Every structure is written in C-alpha cells, then in structure tokens.
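Comments concern the structure below.
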Amino acid sequence: MNNAIKTMRISPCSAQSVELDTGDELVIIDPQGQQVSDLVAFERTELEEYLSSGRSLDYASRMWLTTGDILYSNRSRPMFTILEDTCGRHDFTLTPCSKDTFKIIYGEDEGRPGCEGNLVAALAPYNIGVDRIPIAFNVFMHVAVDADSGEFRVLPPLSKAGDFVRFRAEMPLVVAMTACSAGQSNNFNYKPIDYQVLPHGTD
C-alpha cells in the first residue's frame, strides 16, 4: 500500500464515487477492522456495462475471489484484476442492503437507505438509479455457506485493522464504494472505509 498517495475516507453508513482510467489502481482499506465495503463499477463511456457477479464467479469457477482473480463485466470483459489482498475473504453473492433489508431482516419500521441508497446517492451525477445497482463485490464481507444444505450465514469480517485489497482497472470506470450499513456485515459496529487511487504509472 502506497502511503504517499492521499487516503480518502468514506464515513460510516455512506458511499463515495470515483473515476478510474485504464491501469489506475484502487486500494480499499479497512482502517479499524471488521468493516465491509460494497463495490460497484460501470464502464465510464458506456454505463450500461457493469461489474457482474455472475460472469466473474462463472469464469473463476469458485465463490471466493482473491489475488490474481479477474472481475468481469456483464459483457464478459475484464473490469478489475485483484493485484493484492491481505484479507482473502470477500463476498460476491449478496445484494447491497436497502430500506427493505432493514425492514425484513432487522425489523426497522423506518428503513435506512443502506448501501443501496448510498450507492445511488454517490452515483447520482451519472444518472445511475436504484434499478441499475447490481450485486456488489462486497469487500471484506464474510459469508459462510453450509456445503450440504446450502444455508448461509453472514459472519463478522475476517479483516483486521489495515487490511486492504488492491485492484487494477482494466477499462475506464466509474466506481462507487460504501462503508456498509448492515449490522450483520460489520458485527454491529459501524466504521469507516478508506481508499486510495494510484494513477497509472505511479511508482
């Protein structure tokens, strides 16, 4: 992780967006440990092309993606390569939490916007609305699946303070990231997420 590059902070229960050029690197950091960041991405010049869970898992032939794996778009083109991963456990199956999530799972009458609503707010300058938010690459999220029944549980993340994932953009991208709002995802301790952008050619 390059400490000379400016580190940006996503406040708890919020999201930010950033533009990347081909070859830029994005580093997502868990500064305090046990926090999740929902990551979505769109091809910058053709926003109908988006980061695809189904394509990425299909081509990797496994559920847990880490260093060396490629994240593909819905058009089967590489969007990201994972260059470095100090945690090693993330999720690419569950959709971003929403007002309905908090109502159905947590019993909240006045649902918060959750990661879905926060992603929509961060992507508003690009006119990307709620119906276009795909399944996110849930950085640091720990989902355990029973091999026999298929039952799954969301467990506290395995990430420790300072853990990070470093991605390389394989096309021009609009990216949005959250500091997750769902208690099951972060052990009911809502914390920030940090990130860095390393422009292509940075030493």
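By order in the structure tokens, chains are A, B, ...; within a chain, residues start at 1; ligands start at 1, following the order shown.
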
Subject >> Non-local contacts of Thr67 in chain A (10 Å; only C-alpha atoms; under 5 positions in same chain excluded) as a list in words >> reply: Thr81, Ile82, Leu83, Glu84, Asp85, Thr86, Cys87, Gly88, Val165, Arg166 and Phe167 of chain A

Once you have the residues from the selection above, write them out as a PDB file, in the first residue's frame, restricted to N, CA and C atoms.
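Produced file again-v1.pdb, reproduced below:
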ATOM      1  N   THR A  81      -8.559  -6.396 -12.081  1.00  0.00           N
ATOM      2  CA  THR A  81      -7.725  -7.512 -11.633  1.00  0.00           C
ATOM      3  C   THR A  81      -7.373  -7.260 -10.179  1.00  0.00           C
ATOM      4  N   ILE A  82      -7.522  -8.280  -9.345  1.00  0.00           N
ATOM      5  CA  ILE A  82      -7.118  -8.162  -7.947  1.00  0.00           C
ATOM      6  C   ILE A  82      -5.616  -8.410  -7.872  1.00  0.00           C
ATOM      7  N   LEU A  83      -4.870  -7.369  -7.561  1.00  0.00           N
ATOM      8  CA  LEU A  83      -3.409  -7.454  -7.539  1.00  0.00           C
ATOM      9  C   LEU A  83      -2.868  -7.907  -6.189  1.00  0.00           C
ATOM     10  N   GLU A  84      -3.556  -7.539  -5.117  1.00  0.00           N
ATOM     11  CA  GLU A  84      -3.059  -7.850  -3.771  1.00  0.00           C
ATOM     12  C   GLU A  84      -4.249  -7.867  -2.820  1.00  0.00           C
ATOM     13  N   ASP A  85      -4.224  -8.794  -1.882  1.00  0.00           N
ATOM     14  CA  ASP A  85      -5.365  -8.982  -0.984  1.00  0.00           C
ATOM     15  C   ASP A  85      -4.838  -9.516   0.338  1.00  0.00           C
ATOM     16  N   THR A  86      -4.851  -8.694   1.382  1.00  0.00           N
ATOM     17  CA  THR A  86      -4.303  -9.113   2.667  1.00  0.00           C
ATOM     18  C   THR A  86      -5.341  -9.780   3.562  1.00  0.00           C
ATOM     19  N   CYS A  87      -6.598  -9.791   3.145  1.00  0.00           N
ATOM     20  CA  CYS A  87      -7.652 -10.436   3.927  1.00  0.00           C
ATOM     21  C   CYS A  87      -7.989 -11.814   3.375  1.00  0.00           C
ATOM     22  N   GLY A  88      -8.331 -11.869   2.083  1.00  0.00           N
ATOM     23  CA  GLY A  88      -8.542 -13.155   1.425  1.00  0.00           C
ATOM     24  C   GLY A  88      -9.947 -13.697   1.478  1.00  0.00           C
ATOM     25  N   VAL A 165      -7.329  -4.399  -0.100  1.00  0.00           N
ATOM     26  CA  VAL A 165      -7.374  -5.078  -1.395  1.00  0.00           C
ATOM     27  C   VAL A 165      -6.976  -4.057  -2.446  1.00  0.00           C
ATOM     28  N   ARG A 166      -6.072  -4.464  -3.335  1.00  0.00           N
ATOM     29  CA  ARG A 166      -5.590  -3.567  -4.393  1.00  0.00           C
ATOM     30  C   ARG A 166      -6.064  -4.095  -5.744  1.00  0.00           C
ATOM     31  N   PHE A 167      -6.824  -3.273  -6.448  1.00  0.00           N
ATOM     32  CA  PHE A 167      -7.385  -3.618  -7.749  1.00  0.00           C
ATOM     33  C   PHE A 167      -6.711  -2.791  -8.842  1.00  0.00           C
TER      34      PHE A 167
END

**OP:** Please provide the set of residues having any atom within 6 Å of range 111-128 of chain A, restricted to only C-alpha atoms, with same-chain residues fewer than 5 positions apart removed, written as a list in words.
**Re:** Ser14, Ala15, Gln16, Ser17, Pro96, Cys97, Ser98, Lys99, Phe102, Lys103, Cys180 and Ser181 of chain A

**OP:** as a VMD selection string, please: all residues of chain A that backbone DSSP puts in helix (DSSP H, G or I).
**Re:** chain A and resid 53 to 60 99 to 104 114 to 122 124 to 126 130 to 132 183 to 185

**OP:** Could you check which of A:Ser159, A:Asn74, A:Thr22, A:Ser56 is closest to Gln35 in chain A, using only C-alpha atoms?
**Re:**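 Looking at the shortest contact to Gln35 in chain A, the residue is A:Ser159.
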
Subject >> Interatomic distance (Å, one decimal) between CA of Leu158 in chain A and CA of Leu65 in chain A >> reply: 14.5 Å

Original post:
Quick one: DSSP strand (DSSP E or B) residues in chain A, as an NGL selection string?
Top reply: :A and (8-10 or 14-20 or 25-30 or 37-43 or 50-51 or 70-73 or 78-85 or 91 or 137-139 or 142-145 or 152-155 or 163-169 or 173-179 or 193-198)

Atoms kept (C-alpha atoms) for selection, written as a tab-separated table (two decimals), in the first residue's frame:
chain	number	residue	atom	x	y	z
A	8	MET	CA	-9.74	9.23	1.26
A	9	ARG	CA	-12.24	8.26	3.97
A	10	ILE	CA	-15.81	7.05	3.49
A	14	SER	CA	-22.24	6.33	3.46
A	15	ALA	CA	-20.70	5.98	-0.03
A	16	GLN	CA	-18.42	7.79	-2.46
A	17	SER	CA	-17.76	7.52	-6.18
A	18	VAL	CA	-14.55	7.94	-8.15
A	19	GLU	CA	-13.44	7.74	-11.79
A	20	LEU	CA	-10.56	5.49	-12.84
A	25	GLU	CA	-5.07	1.12	-9.13
A	26	LEU	CA	-7.74	1.32	-6.44
A	27	VAL	CA	-6.85	0.29	-2.89
A	28	ILE	CA	-9.74	-0.32	-0.48
A	29	ILE	CA	-8.62	-0.31	3.15
A	30	ASP	CA	-10.33	-1.40	6.35
A	37	SER	CA	-17.30	-2.05	1.56
A	38	ASP	CA	-19.78	-2.72	-1.24
A	39	LEU	CA	-18.03	-2.05	-4.56
A	40	VAL	CA	-19.88	-1.49	-7.85
A	41	ALA	CA	-18.42	-0.31	-11.16
A	42	PHE	CA	-19.56	0.82	-14.60
A	43	GLU	CA	-17.71	1.33	-17.88
A	50	TYR	CA	-21.38	-3.01	-15.22
A	51	LEU	CA	-19.49	-5.25	-12.81
A	70	ILE	CA	-10.35	-11.04	-12.59
A	71	LEU	CA	-13.69	-9.31	-12.06
A	72	TYR	CA	-15.69	-9.27	-15.29
A	73	SER	CA	-18.44	-7.07	-16.67
A	78	PRO	CA	-12.27	-7.69	-17.59
A	79	MET	CA	-13.05	-4.70	-15.38
A	80	PHE	CA	-10.66	-5.28	-12.47
A	81	THR	CA	-7.73	-7.51	-11.63
A	82	ILE	CA	-7.12	-8.16	-7.95
A	83	LEU	CA	-3.41	-7.45	-7.54
A	84	GLU	CA	-3.06	-7.85	-3.77
A	85	ASP	CA	-5.37	-8.98	-0.98
A	91	ASP	CA	-18.46	-11.98	-0.92
A	137	PHE	CA	-18.29	-7.11	-4.80
A	138	ASN	CA	-18.58	-7.00	-1.01
A	139	VAL	CA	-15.01	-6.33	0.06
A	142	HIS	CA	-17.67	-12.95	5.37
A	143	VAL	CA	-20.47	-15.23	4.18
A	144	ALA	CA	-20.27	-18.85	5.32
A	145	VAL	CA	-22.15	-21.47	3.30
A	152	PHE	CA	-25.60	-19.36	4.58
A	153	ARG	CA	-24.75	-17.05	7.46
A	154	VAL	CA	-23.27	-13.57	7.44
A	155	LEU	CA	-20.44	-13.59	9.97
A	163	ASP	CA	-6.12	-4.94	5.73
A	164	PHE	CA	-6.56	-3.91	2.11
A	165	VAL	CA	-7.37	-5.08	-1.40
A	166	ARG	CA	-5.59	-3.57	-4.39
A	167	PHE	CA	-7.38	-3.62	-7.75
A	168	ARG	CA	-6.19	-2.60	-11.21
A	169	ALA	CA	-8.77	-1.03	-13.52
A	173	LEU	CA	-14.52	3.09	-14.89
A	174	VAL	CA	-16.98	4.86	-12.65
A	175	VAL	CA	-16.69	3.18	-9.27
A	176	ALA	CA	-18.77	3.57	-6.11
A	177	MET	CA	-17.87	2.19	-2.69
A	178	THR	CA	-19.62	2.14	0.68
A	179	ALA	CA	-18.87	1.83	4.34
A	193	ILE	CA	-13.66	2.61	4.97
A	194	ASP	CA	-10.57	4.22	3.43
A	195	TYR	CA	-9.38	4.11	-0.16
A	196	GLN	CA	-6.53	5.29	-2.36
A	197	VAL	CA	-6.30	5.84	-6.12
A	198	LEU	CA	-2.88	5.21	-7.64

Subject >> Å distance separating CA of Ile133 in chain A from CA of Thr93 in chain A, one decimal place >> reply: 13.5 Å

**OP:** Go through A:Gly150, A:Val36, A:Cys13, A:Asp58 one by one, measure the shortest atom-to-atom distance of each to Asn186 in chain A using only C-alpha atoms, and give the residue with the smallest value.
**Re:**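 With only C-alpha atoms as the atom set, the closest residue is A:Val36.
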
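The nearest approach to Asn189 in chain A among the residues A:Gly23, A:Gly54, A:Pro156, A:Pro134, with only C-alpha atoms taken into account, belongs to A:Pro156.
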
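In this model, the gap between CA of Gly129 in chain A and CA of Arg55 in chain A comes to 21.9 Å.
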
**OP:** Find the residues near Arg89 in chain A: any atom within 7 Å, counting only C-alpha atoms, skip ones fewer than 6 places away on the same chain, and give them as a PyMOL selection string.
**Re:** chain A and resi 64+140-142
